[in-house]
Amino acid sequence: MHAASITLLVWAIIGAAFLFPVASSWPVGGVLALLVAVIGLPHGAADHRFAQSRLEPRLGESWWAVFLGGYLAIAGMVVLGWFFAPAATISVFFLASAWHFGQEEPDLAPGLGRARSARQVGRIARGGMVIWVPLALQTTEVTRLLSLTAPRGSGPEIERAVDLLGVFSWMMLTIAAVAWGRRLMAAVAATGLKRRVLLLDALLEASFLALFALTHPVAGFLVYFCGWHSARGLRRLRRELGETRWQLAASLAPMTAAAIGLVALTTFFVLRAPTWDDTFVRATFVGLSAVALPHLVLHGVGPMIDRWGGRREARSLELGGAA
């Protein structure tokens with residue numbers, strides 16, 4: 001149901017951008033702002049709930065200091081990176097985001113056998129489409145946006161980074177296209193529910209491709225990040241915690257409000273540009289990357305903590321049984 005809904009939203013935004021480019025700018029901007037406020041920011045604000053269930057059993061009451069200190073330290077390094085090493089920061093942000101998005105994508109590609117590395121590459125190719133498509137097909141616009149974000153004089157450095165990422169993007173898109181073709185053929189050969197699932201998945205991926213290729217890179221990123229990635233992450237966390245939607249929303253509201261306030265203050269005092277549009281672009285890239293990288297680290301380390309805790313629990317049970 002979610003896949004069908006987001007597919008309709010994607011084509012509504014594409015249609016509005018082409019049929020009513022001027023009249024739709026404010027409504028589309030309002031939809032994107034609503035997605036960020038209601039889904040995108042709460043998704044990031046949920047990190048303390050994700051961390052608490054994993055750190056508190058091991059660190060006790062000090063888990064909060066460890067979590068907050070590490071989170072803010074990484075976020076601070078990212079912000080500094082935009083000012084002192086923008087090309088490296090951009091590359092790390094894009095590649096890490098593609099990896100993280102890929103881990104969240106369904107593994108529906110047939111014909112890859114049990115080769116774990118091949119499946120990982122396929123997932124990164126698909127999950128990173130929100131990165132690869134604009135880099136490959138809207139290179140000039142992406143370079144312009146990143147140049148607005150980075151300090152003056154870093155344009156040539158950013159252009160070289162975008163060119164290298166563009167070559168890599170075409171490689172990833174080739175892999176994604178082959179995997180998409182295999183899934184489509186598998187859908188044609190399948191029957192019943194499996195066929196409907198595979199066809200809807202293929203339609204969703206093609207819709208995202210059109211969105212990323214035909215609309216503004218920031219708009220495409222926000223639709224994917226909030227409407228698809230963040231929404232599924234919040235739903236998964238709610239099920240893990242065993243809470244209702246309202247219970248989860250109430251628990252995330254204080255951190256979401258604090259995040260909005262912190263972003264507003266940082267934008268006003270640190271990221272302000274000569275025009276509102278430039279300020280928005282700078283706040284989007286710097287703000288998202290500053291929140292995204294500690295989020296990626298946390299969710300990358302989380303499964304390792306889970307496995308370590310599982311091994312310790314199993315070991316304790318073995319020792320208890322032996323006793």
# chains A, B, ... in the order shown; residues from 1 in each chain; ligands from 1

$ closest_atom_pairs --of "region 239-292 of chain A" --to "region 19-40 of chain A" --cutoff "10 Å" --atoms "only C-alpha atoms" --output "JSON lines"
{"residue": "A:Ala249", "atom": "CA", "partner": "A:Val38", "partner_atom": "CA", "distance": 9.3}
{"residue": "A:Ala253", "atom": "CA", "partner": "A:Val38", "partner_atom": "CA", "distance": 9.8}
{"residue": "A:Thr256", "atom": "CA", "partner": "A:Ala37", "partner_atom": "CA", "distance": 8.1}
{"residue": "A:Ala257", "atom": "CA", "partner": "A:Ala37", "partner_atom": "CA", "distance": 9.3}
{"residue": "A:Ile260", "atom": "CA", "partner": "A:Ala37", "partner_atom": "CA", "distance": 8.2}
{"residue": "A:Leu288", "atom": "CA", "partner": "A:Gly40", "partner_atom": "CA", "distance": 9.8}

$ write_last_selection --atoms "N, CA and C atoms" --output "PDB file, in the first residue's frame"
ATOM      1  N   ALA A 249       4.827   9.088  18.037  1.00  0.00           N
ATOM      2  CA  ALA A 249       4.855  10.515  17.684  1.00  0.00           C
ATOM      3  C   ALA A 249       5.048  11.385  18.922  1.00  0.00           C
ATOM      4  N   ALA A 253       8.224  13.937  19.598  1.00  0.00           N
ATOM      5  CA  ALA A 253       7.906  15.360  19.429  1.00  0.00           C
ATOM      6  C   ALA A 253       8.950  16.285  20.058  1.00  0.00           C
ATOM      7  N   THR A 256      12.081  16.279  17.908  1.00  0.00           N
ATOM      8  CA  THR A 256      11.789  16.887  16.609  1.00  0.00           C
ATOM      9  C   THR A 256      11.761  18.404  16.724  1.00  0.00           C
ATOM     10  N   ALA A 257      11.101  18.912  17.774  1.00  0.00           N
ATOM     11  CA  ALA A 257      11.056  20.364  17.992  1.00  0.00           C
ATOM     12  C   ALA A 257      12.455  20.924  18.234  1.00  0.00           C
ATOM     13  N   ILE A 260      14.270  21.080  14.899  1.00  0.00           N
ATOM     14  CA  ILE A 260      13.825  22.217  14.095  1.00  0.00           C
ATOM     15  C   ILE A 260      14.469  23.508  14.607  1.00  0.00           C
ATOM     16  N   LEU A 288      21.203  18.222   6.250  1.00  0.00           N
ATOM     17  CA  LEU A 288      20.941  16.800   6.042  1.00  0.00           C
ATOM     18  C   LEU A 288      22.185  15.960   6.262  1.00  0.00           C
TER      19      LEU A 288
END

$ residues_around --residues "region 305-307 of chain A" --least-positions-apart "5" --cutoff "12 Å" --atoms "only C-alpha atoms" --output "list in words"
Phe50, Ala51, Gln52, Ser53, Arg54, Leu55, Glu56, Pro57, Arg58, Leu298, His299, Gly300, Arg312, Glu313 and Ala314 of chain A

$ write_last_selection --atoms "N, CA and C atoms" --output "PDB file, in the first residue's frame"
ATOM      1  N   PHE A  50      16.195   4.391  18.962  1.00  0.00           N
ATOM      2  CA  PHE A  50      16.918   3.261  18.374  1.00  0.00           C
ATOM      3  C   PHE A  50      18.154   2.933  19.200  1.00  0.00           C
ATOM      4  N   ALA A  51      18.861   3.983  19.653  1.00  0.00           N
ATOM      5  CA  ALA A  51      20.090   3.769  20.416  1.00  0.00           C
ATOM      6  C   ALA A  51      19.814   3.294  21.833  1.00  0.00           C
ATOM      7  N   GLN A  52      18.744   3.801  22.446  1.00  0.00           N
ATOM      8  CA  GLN A  52      18.470   3.475  23.844  1.00  0.00           C
ATOM      9  C   GLN A  52      18.288   1.981  24.062  1.00  0.00           C
ATOM     10  N   SER A  53      17.522   1.335  23.169  1.00  0.00           N
ATOM     11  CA  SER A  53      17.256  -0.088  23.354  1.00  0.00           C
ATOM     12  C   SER A  53      18.509  -0.936  23.206  1.00  0.00           C
ATOM     13  N   ARG A  54      19.560  -0.382  22.594  1.00  0.00           N
ATOM     14  CA  ARG A  54      20.785  -1.137  22.372  1.00  0.00           C
ATOM     15  C   ARG A  54      21.905  -0.752  23.345  1.00  0.00           C
ATOM     16  N   LEU A  55      21.934   0.526  23.747  1.00  0.00           N
ATOM     17  CA  LEU A  55      23.029   0.990  24.601  1.00  0.00           C
ATOM     18  C   LEU A  55      22.701   0.923  26.089  1.00  0.00           C
ATOM     19  N   GLU A  56      21.461   1.215  26.455  1.00  0.00           N
ATOM     20  CA  GLU A  56      21.119   1.263  27.867  1.00  0.00           C
ATOM     21  C   GLU A  56      21.346  -0.069  28.589  1.00  0.00           C
ATOM     22  N   PRO A  57      21.009  -1.233  27.993  1.00  0.00           N
ATOM     23  CA  PRO A  57      21.277  -2.487  28.697  1.00  0.00           C
ATOM     24  C   PRO A  57      22.753  -2.742  28.959  1.00  0.00           C
ATOM     25  N   ARG A  58      23.631  -2.089  28.178  1.00  0.00           N
ATOM     26  CA  ARG A  58      25.069  -2.324  28.300  1.00  0.00           C
ATOM     27  C   ARG A  58      25.790  -1.219  29.062  1.00  0.00           C
ATOM     28  N   LEU A 298      25.205   5.193  13.364  1.00  0.00           N
ATOM     29  CA  LEU A 298      24.397   4.520  14.387  1.00  0.00           C
ATOM     30  C   LEU A 298      23.708   3.286  13.833  1.00  0.00           C
ATOM     31  N   HIS A 299      23.094   3.415  12.670  1.00  0.00           N
ATOM     32  CA  HIS A 299      22.365   2.286  12.101  1.00  0.00           C
ATOM     33  C   HIS A 299      23.304   1.252  11.483  1.00  0.00           C
ATOM     34  N   GLY A 300      24.531   1.642  11.199  1.00  0.00           N
ATOM     35  CA  GLY A 300      25.511   0.649  10.772  1.00  0.00           C
ATOM     36  C   GLY A 300      26.058  -0.142  11.942  1.00  0.00           C
ATOM     37  N   ARG A 312      26.395 -12.897  23.319  1.00  0.00           N
ATOM     38  CA  ARG A 312      26.593 -12.924  24.765  1.00  0.00           C
ATOM     39  C   ARG A 312      25.439 -13.642  25.461  1.00  0.00           C
ATOM     40  N   GLU A 313      24.220 -13.400  24.981  1.00  0.00           N
ATOM     41  CA  GLU A 313      23.060 -14.053  25.591  1.00  0.00           C
ATOM     42  C   GLU A 313      23.119 -15.557  25.368  1.00  0.00           C
ATOM     43  N   ALA A 314      23.490 -15.937  24.134  1.00  0.00           N
ATOM     44  CA  ALA A 314      23.593 -17.364  23.851  1.00  0.00           C
ATOM     45  C   ALA A 314      24.683 -18.010  24.694  1.00  0.00           C
TER      46      ALA A 314
END

$ residues_around --residues "Met185 (chain A)" --least-positions-apart "5" --cutoff "10 Å" --atoms "only C-alpha atoms" --output "list of chain:residue names"
A:Pro110, A:Ala179, A:Trp180, A:Ala190, A:Leu198, A:Leu199

$ select_by_dssp --residues "region 6-50 of chain A" --states "alpha helix (DSSP H)" --output "MDAnalysis selection string"
chainID A and resid 6:19 25:35 41:45 47:50

$ write_last_selection --atoms "C-alpha atoms" --output "PDB file, in the first residue's frame"
ATOM      1  CA  ILE A   6       4.379   6.942  -2.976  1.00  0.00           C
ATOM      2  CA  THR A   7       4.185   6.042  -6.687  1.00  0.00           C
ATOM      3  CA  LEU A   8       1.069   8.223  -7.035  1.00  0.00           C
ATOM      4  CA  LEU A   9       2.790  11.059  -5.142  1.00  0.00           C
ATOM      5  CA  VAL A  10       5.847  10.830  -7.392  1.00  0.00           C
ATOM      6  CA  TRP A  11       3.808  11.129 -10.592  1.00  0.00           C
ATOM      7  CA  ALA A  12       1.682  13.923  -9.114  1.00  0.00           C
ATOM      8  CA  ILE A  13       4.847  15.953  -8.435  1.00  0.00           C
ATOM      9  CA  ILE A  14       6.262  15.184 -11.887  1.00  0.00           C
ATOM     10  CA  GLY A  15       2.969  16.188 -13.515  1.00  0.00           C
ATOM     11  CA  ALA A  16       2.720  19.388 -11.508  1.00  0.00           C
ATOM     12  CA  ALA A  17       6.318  20.332 -12.352  1.00  0.00           C
ATOM     13  CA  PHE A  18       5.697  19.930 -16.090  1.00  0.00           C
ATOM     14  CA  LEU A  19       2.090  21.069 -16.505  1.00  0.00           C
ATOM     15  CA  SER A  25       5.910  25.753  -7.008  1.00  0.00           C
ATOM     16  CA  TRP A  26       4.287  26.836  -3.745  1.00  0.00           C
ATOM     17  CA  PRO A  27       1.976  23.779  -3.366  1.00  0.00           C
ATOM     18  CA  VAL A  28       4.841  21.386  -4.126  1.00  0.00           C
ATOM     19  CA  GLY A  29       7.088  23.303  -1.730  1.00  0.00           C
ATOM     20  CA  GLY A  30       4.373  23.041   0.916  1.00  0.00           C
ATOM     21  CA  VAL A  31       4.105  19.274   0.419  1.00  0.00           C
ATOM     22  CA  LEU A  32       7.868  18.900   0.715  1.00  0.00           C
ATOM     23  CA  ALA A  33       7.991  21.062   3.852  1.00  0.00           C
ATOM     24  CA  LEU A  34       5.197  18.962   5.372  1.00  0.00           C
ATOM     25  CA  LEU A  35       7.052  15.745   4.544  1.00  0.00           C
ATOM     26  CA  LEU A  41      12.846  15.207  10.977  1.00  0.00           C
ATOM     27  CA  PRO A  42      11.040  12.693  13.245  1.00  0.00           C
ATOM     28  CA  HIS A  43      12.953   9.936  11.462  1.00  0.00           C
ATOM     29  CA  GLY A  44      16.213  11.541  12.557  1.00  0.00           C
ATOM     30  CA  ALA A  45      14.784  12.412  15.970  1.00  0.00           C
ATOM     31  CA  ASP A  47      17.703   7.846  16.679  1.00  0.00           C
ATOM     32  CA  HIS A  48      17.768   8.174  20.464  1.00  0.00           C
ATOM     33  CA  ARG A  49      14.984   5.568  20.703  1.00  0.00           C
ATOM     34  CA  PHE A  50      16.918   3.261  18.374  1.00  0.00           C
TER      35      PHE A  50
END

$ atom_distance --atom1 "CA of Gly192 (chain A)" --atom2 "CA of Val121 (chain A)"
29.0 Å

$ closest_residue --among "A:Ala3, A:Leu164, A:Leu193, A:Val66" --to "Trp228 (chain A)" --atoms "only C-alpha atoms"
A:Ala3

$ residues_around --residues "Phe168 (chain A)" --least-positions-apart "2" --cutoff "12 Å" --atoms "only C-alpha atoms" --output "tab-separated table (two decimals) with C-alpha atoms, in the first residue's frame"
chain	number	residue	atom	x	y	z
A	91	SER	CA	31.93	12.35	-1.58
A	94	PHE	CA	26.88	10.76	-1.12
A	95	LEU	CA	28.56	7.35	-0.96
A	98	ALA	CA	23.79	5.39	-1.11
A	124	ILE	CA	23.67	0.08	-3.32
A	125	ALA	CA	23.00	0.59	-7.04
A	128	GLY	CA	21.60	5.09	-4.39
A	129	MET	CA	19.52	6.01	-7.45
A	131	ILE	CA	22.25	10.05	-5.74
A	132	TRP	CA	23.33	8.44	-9.03
A	133	VAL	CA	20.60	9.80	-11.32
A	135	LEU	CA	24.87	13.13	-10.67
A	136	ALA	CA	24.66	11.45	-14.08
A	161	ALA	CA	34.59	15.45	-7.24
A	162	VAL	CA	31.27	15.58	-9.10
A	163	ASP	CA	32.94	14.38	-12.32
A	164	LEU	CA	34.44	11.37	-10.54
A	165	LEU	CA	31.17	10.61	-8.79
A	166	GLY	CA	29.41	10.95	-12.15
A	170	TRP	CA	26.90	5.56	-14.55
A	171	MET	CA	28.41	2.28	-13.41
A	172	MET	CA	25.86	1.98	-10.61
A	173	LEU	CA	22.98	2.89	-12.92
A	174	THR	CA	24.05	0.19	-15.36
A	175	ILE	CA	23.95	-2.37	-12.57

$ atom_distance --atom1 "CA of Phe208 (chain A)" --atom2 "CA of Arg236 (chain A)"
21.8 Å

$ closest_residue --among "A:Val130, A:Leu148, A:Val167, A:Leu293" --to "Leu214 (chain A)" --atoms "only C-alpha atoms"
A:Val130

$ atom_distance --atom1 "CA of Met304 (chain A)" --atom2 "CA of Leu252 (chain A)"
24.6 Å

$ residues_around --residues "Val197 (chain A)" --least-positions-apart "3" --cutoff "12 Å" --atoms "only C-alpha atoms" --output "PDB file with C-alpha atoms, in the first residue's frame"
ATOM      1  CA  MET A   1       0.000   0.000   0.000  1.00  0.00           C
ATOM      2  CA  ALA A   3       4.549   1.641  -2.493  1.00  0.00           C
ATOM      3  CA  ALA A   4       1.361   2.438  -4.407  1.00  0.00           C
ATOM      4  CA  PRO A 106      14.035  -4.968  -0.612  1.00  0.00           C
ATOM      5  CA  LEU A 108      14.110  -8.860  -4.932  1.00  0.00           C
ATOM      6  CA  ARG A 183      13.036  -8.336 -11.855  1.00  0.00           C
ATOM      7  CA  LEU A 184      10.682  -7.337 -14.667  1.00  0.00           C
ATOM      8  CA  ALA A 186      10.735 -12.493 -13.210  1.00  0.00           C
ATOM      9  CA  ALA A 187       7.471 -10.593 -12.727  1.00  0.00           C
ATOM     10  CA  VAL A 188       6.252 -11.552 -16.182  1.00  0.00           C
ATOM     11  CA  ALA A 190       5.498 -15.192 -12.006  1.00  0.00           C
ATOM     12  CA  THR A 191       1.831 -15.551 -11.079  1.00  0.00           C
ATOM     13  CA  GLY A 192      -0.527 -14.382  -8.364  1.00  0.00           C
ATOM     14  CA  LEU A 193       0.682 -12.224  -5.479  1.00  0.00           C
ATOM     15  CA  LYS A 194       4.375 -12.583  -6.365  1.00  0.00           C
ATOM     16  CA  LEU A 200       4.599  -2.808  -8.399  1.00  0.00           C
ATOM     17  CA  ASP A 201       8.228  -2.814  -7.302  1.00  0.00           C
ATOM     18  CA  ALA A 202       9.401  -2.364 -10.909  1.00  0.00           C
ATOM     19  CA  LEU A 203       6.898   0.469 -11.409  1.00  0.00           C
ATOM     20  CA  LEU A 204       8.040   2.154  -8.200  1.00  0.00           C
TER      21      LEU A 204
END

$ residues_around --residues "Phe84 (chain A)" --least-positions-apart "4" --cutoff "10 Å" --atoms "only C-alpha atoms" --output "count of residues only"
8
